[in-house]
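**Student:** Here it is, the structure in full.
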Amino acid sequence: MDESDRTAIHEVMEQQTVSIAKAGIVATLNARAAVLAAANPLYGRYNRKKSLSENVNLPNSLLSRFDLMFLILDTPDVDRDMALARHVTFVHQNEGLGNTAKAKQDTEVTNVILDDDDEEMEDTEETGGLKSGAAAS
């Protein structure tokens, strides 16, 4: 956060006023609003050996203005992260497909059905059609 932004937000949270100086007009306005903020740690990883102030590079004087602070940590786990990434990409690739052929193909399920003569028929993914049970053997 830039120093000028820090100064501006500090004034709003401390004095509940906003000072504006534009085109020769100087005004101080009341600021009655809630502030919801989020911050990412420096270098992309939260260092448990450092304080919150050091991790997000904000002064304690500014952080002390917040009534509530929640620290949400993402512990790295390669298997869980990979499973989540696969799920997200699968959902985005198949968005809006519903029960179409592409969605069926991705599930890799072979459907077994019976024809009129009770002869077993197999719906295979390789051919995309039906094969007789005798011909498939």
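To be explicit about the labels: the chains of the structure tokens are called A, B, and onward in the order shown, and within each one the residues are counted from 1, while ligands get numbers from 1 in the order they are shown.
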List as a list in words the protein and nucleic acid residues near range 42-46 of chain A, meaning an atom at most 7 Å away when only C-alpha atoms are counted, but skip any in the same chain fewer than 2 places from it.

**Tutor:**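 Result of the neighbour search: Asn40, Arg48, Asn55 and Val56 of chain A.
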
**Student:** Output N, CA and C atoms of each residue in that selection to a file, as a JSON list (two decimals), in the first residue's frame.

**Tutor:**
```
[["chain", "number", "residue", "atom", "x", "y", "z"],
["A", 40, "ASN", "N", -2.72, -9.82, 1.41],
["A", 40, "ASN", "CA", -1.91, -11.01, 1.16],
["A", 40, "ASN", "C", -0.54, -10.81, 1.80],
["A", 48, "ARG", "N", 5.09, -17.75, 9.89],
["A", 48, "ARG", "CA", 4.59, -17.85, 11.26],
["A", 48, "ARG", "C", 5.56, -17.29, 12.29],
["A", 55, "ASN", "N", 4.10, -9.45, 8.27],
["A", 55, "ASN", "CA", 3.69, -10.29, 7.15],
["A", 55, "ASN", "C", 2.92, -9.53, 6.08],
["A", 56, "VAL", "N", 2.09, -8.57, 6.48],
["A", 56, "VAL", "CA", 1.30, -7.84, 5.49],
["A", 56, "VAL", "C", 1.85, -6.45, 5.20]]
```

**Student:** Which of these residues is nearest to Ile9 in chain A, using only C-alpha atoms: A:Thr75, A:Ser61, A:Ser51, A:Asn94?

**Tutor:**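 Selected residue with least distance to Ile9 in chain A: A:Ser61.
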
**Student:** One decimal, in Å: what's the spacing between CA of Arg65 in chain A and CA of Ala37 in chain A?

**Tutor:**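 So the answer is 11.6 Å.
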
**Student:** In Å to one decimal, how far is CA of Asp5 in chain A from CA of Ala34 in chain A?

**Tutor:**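 A separation of 17.0 Å between them.
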
**Student:** Using only C-alpha atoms for the distances, tell me which of A:Ala27, A:Ala33, A:Leu62, A:Ala39 is nearest to Ala8 in chain A.

**Tutor:**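 That would be A:Leu62, the residue with the smallest distance to Ala8 in chain A.
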
**Student:** Please measure the separation of CA of Val12 in chain A and CA of Ser53 in chain A, giving the value in Å to one decimal.

**Tutor:** 19.6 Å

**Student:** Taking only C-alpha atoms into account, name the residue in A:Phe70, A:Asn57, A:His92, A:His87 that is nearest to Met1 in chain A.

**Tutor:** A:Asn57

**Student:** Residues at most 12 Å from Glu11 in chain A, counting only C-alpha atoms, excluding those fewer than 5 positions away in the same chain, as a ChimeraX atom specification?

**Tutor:** /A:4-6,16-20,28-31,61-62,65

**Student:** Residues of the last selection are to be written out with N, CA, C and O atoms, as a PDB file, in the first residue's frame.

**Tutor:**
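Saved to result_0.pdb:
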```
ATOM      1  N   SER A   4       0.700   7.398   0.735  1.00  0.00           N
ATOM      2  CA  SER A   4      -0.425   8.347   0.672  1.00  0.00           C
ATOM      3  C   SER A   4      -1.757   7.641   0.963  1.00  0.00           C
ATOM      4  O   SER A   4      -2.643   8.207   1.619  1.00  0.00           O
ATOM      5  N   ASP A   5      -1.899   6.402   0.481  1.00  0.00           N
ATOM      6  CA  ASP A   5      -3.113   5.633   0.763  1.00  0.00           C
ATOM      7  C   ASP A   5      -3.195   5.291   2.245  1.00  0.00           C
ATOM      8  O   ASP A   5      -4.275   5.325   2.846  1.00  0.00           O
ATOM      9  N   ARG A   6      -2.063   4.924   2.838  1.00  0.00           N
ATOM     10  CA  ARG A   6      -2.019   4.625   4.277  1.00  0.00           C
ATOM     11  C   ARG A   6      -2.455   5.828   5.098  1.00  0.00           C
ATOM     12  O   ARG A   6      -3.231   5.710   6.047  1.00  0.00           O
ATOM     13  N   GLN A  16     -12.725   9.569  11.598  1.00  0.00           N
ATOM     14  CA  GLN A  16     -13.990   9.374  10.889  1.00  0.00           C
ATOM     15  C   GLN A  16     -14.356  10.590  10.039  1.00  0.00           C
ATOM     16  O   GLN A  16     -15.493  11.012   9.967  1.00  0.00           O
ATOM     17  N   THR A  17     -13.315  11.142   9.408  1.00  0.00           N
ATOM     18  CA  THR A  17     -13.510  12.241   8.461  1.00  0.00           C
ATOM     19  C   THR A  17     -12.614  12.019   7.250  1.00  0.00           C
ATOM     20  O   THR A  17     -11.597  11.326   7.327  1.00  0.00           O
ATOM     21  N   VAL A  18     -13.005  12.634   6.136  1.00  0.00           N
ATOM     22  CA  VAL A  18     -12.217  12.592   4.915  1.00  0.00           C
ATOM     23  C   VAL A  18     -11.950  14.024   4.482  1.00  0.00           C
ATOM     24  O   VAL A  18     -12.881  14.812   4.323  1.00  0.00           O
ATOM     25  N   SER A  19     -10.684  14.357   4.302  1.00  0.00           N
ATOM     26  CA  SER A  19     -10.325  15.697   3.838  1.00  0.00           C
ATOM     27  C   SER A  19     -10.162  15.667   2.327  1.00  0.00           C
ATOM     28  O   SER A  19      -9.459  14.814   1.783  1.00  0.00           O
ATOM     29  N   ILE A  20     -10.818  16.634   1.653  1.00  0.00           N
ATOM     30  CA  ILE A  20     -10.766  16.704   0.190  1.00  0.00           C
ATOM     31  C   ILE A  20     -10.302  18.094  -0.204  1.00  0.00           C
ATOM     32  O   ILE A  20     -10.802  19.098   0.308  1.00  0.00           O
ATOM     33  N   THR A  28     -13.974  18.990   4.574  1.00  0.00           N
ATOM     34  CA  THR A  28     -13.827  17.838   5.456  1.00  0.00           C
ATOM     35  C   THR A  28     -15.206  17.206   5.599  1.00  0.00           C
ATOM     36  O   THR A  28     -16.153  17.872   6.035  1.00  0.00           O
ATOM     37  N   LEU A  29     -15.307  15.970   5.186  1.00  0.00           N
ATOM     38  CA  LEU A  29     -16.595  15.273   5.198  1.00  0.00           C
ATOM     39  C   LEU A  29     -16.594  14.184   6.261  1.00  0.00           C
ATOM     40  O   LEU A  29     -15.567  13.585   6.563  1.00  0.00           O
ATOM     41  N   ASN A  30     -17.777  13.967   6.824  1.00  0.00           N
ATOM     42  CA  ASN A  30     -17.918  12.870   7.775  1.00  0.00           C
ATOM     43  C   ASN A  30     -17.840  11.540   7.028  1.00  0.00           C
ATOM     44  O   ASN A  30     -18.353  11.404   5.919  1.00  0.00           O
ATOM     45  N   ALA A  31     -17.221  10.579   7.649  1.00  0.00           N
ATOM     46  CA  ALA A  31     -17.096   9.248   7.046  1.00  0.00           C
ATOM     47  C   ALA A  31     -17.685   8.231   8.003  1.00  0.00           C
ATOM     48  O   ALA A  31     -17.045   7.834   8.974  1.00  0.00           O
ATOM     49  N   SER A  61      -0.197   0.736  14.023  1.00  0.00           N
ATOM     50  CA  SER A  61      -1.121   1.844  14.272  1.00  0.00           C
ATOM     51  C   SER A  61      -2.340   1.770  13.358  1.00  0.00           C
ATOM     52  O   SER A  61      -3.447   2.145  13.764  1.00  0.00           O
ATOM     53  N   LEU A  62      -2.163   1.287  12.147  1.00  0.00           N
ATOM     54  CA  LEU A  62      -3.284   1.124  11.220  1.00  0.00           C
ATOM     55  C   LEU A  62      -4.068  -0.152  11.544  1.00  0.00           C
ATOM     56  O   LEU A  62      -5.298  -0.141  11.581  1.00  0.00           O
ATOM     57  N   ARG A  65      -6.766  -0.145  14.291  1.00  0.00           N
ATOM     58  CA  ARG A  65      -8.050   0.517  14.032  1.00  0.00           C
ATOM     59  C   ARG A  65      -9.158  -0.477  13.685  1.00  0.00           C
ATOM     60  O   ARG A  65     -10.333  -0.137  13.761  1.00  0.00           O
TER      61      ARG A  65
END
```
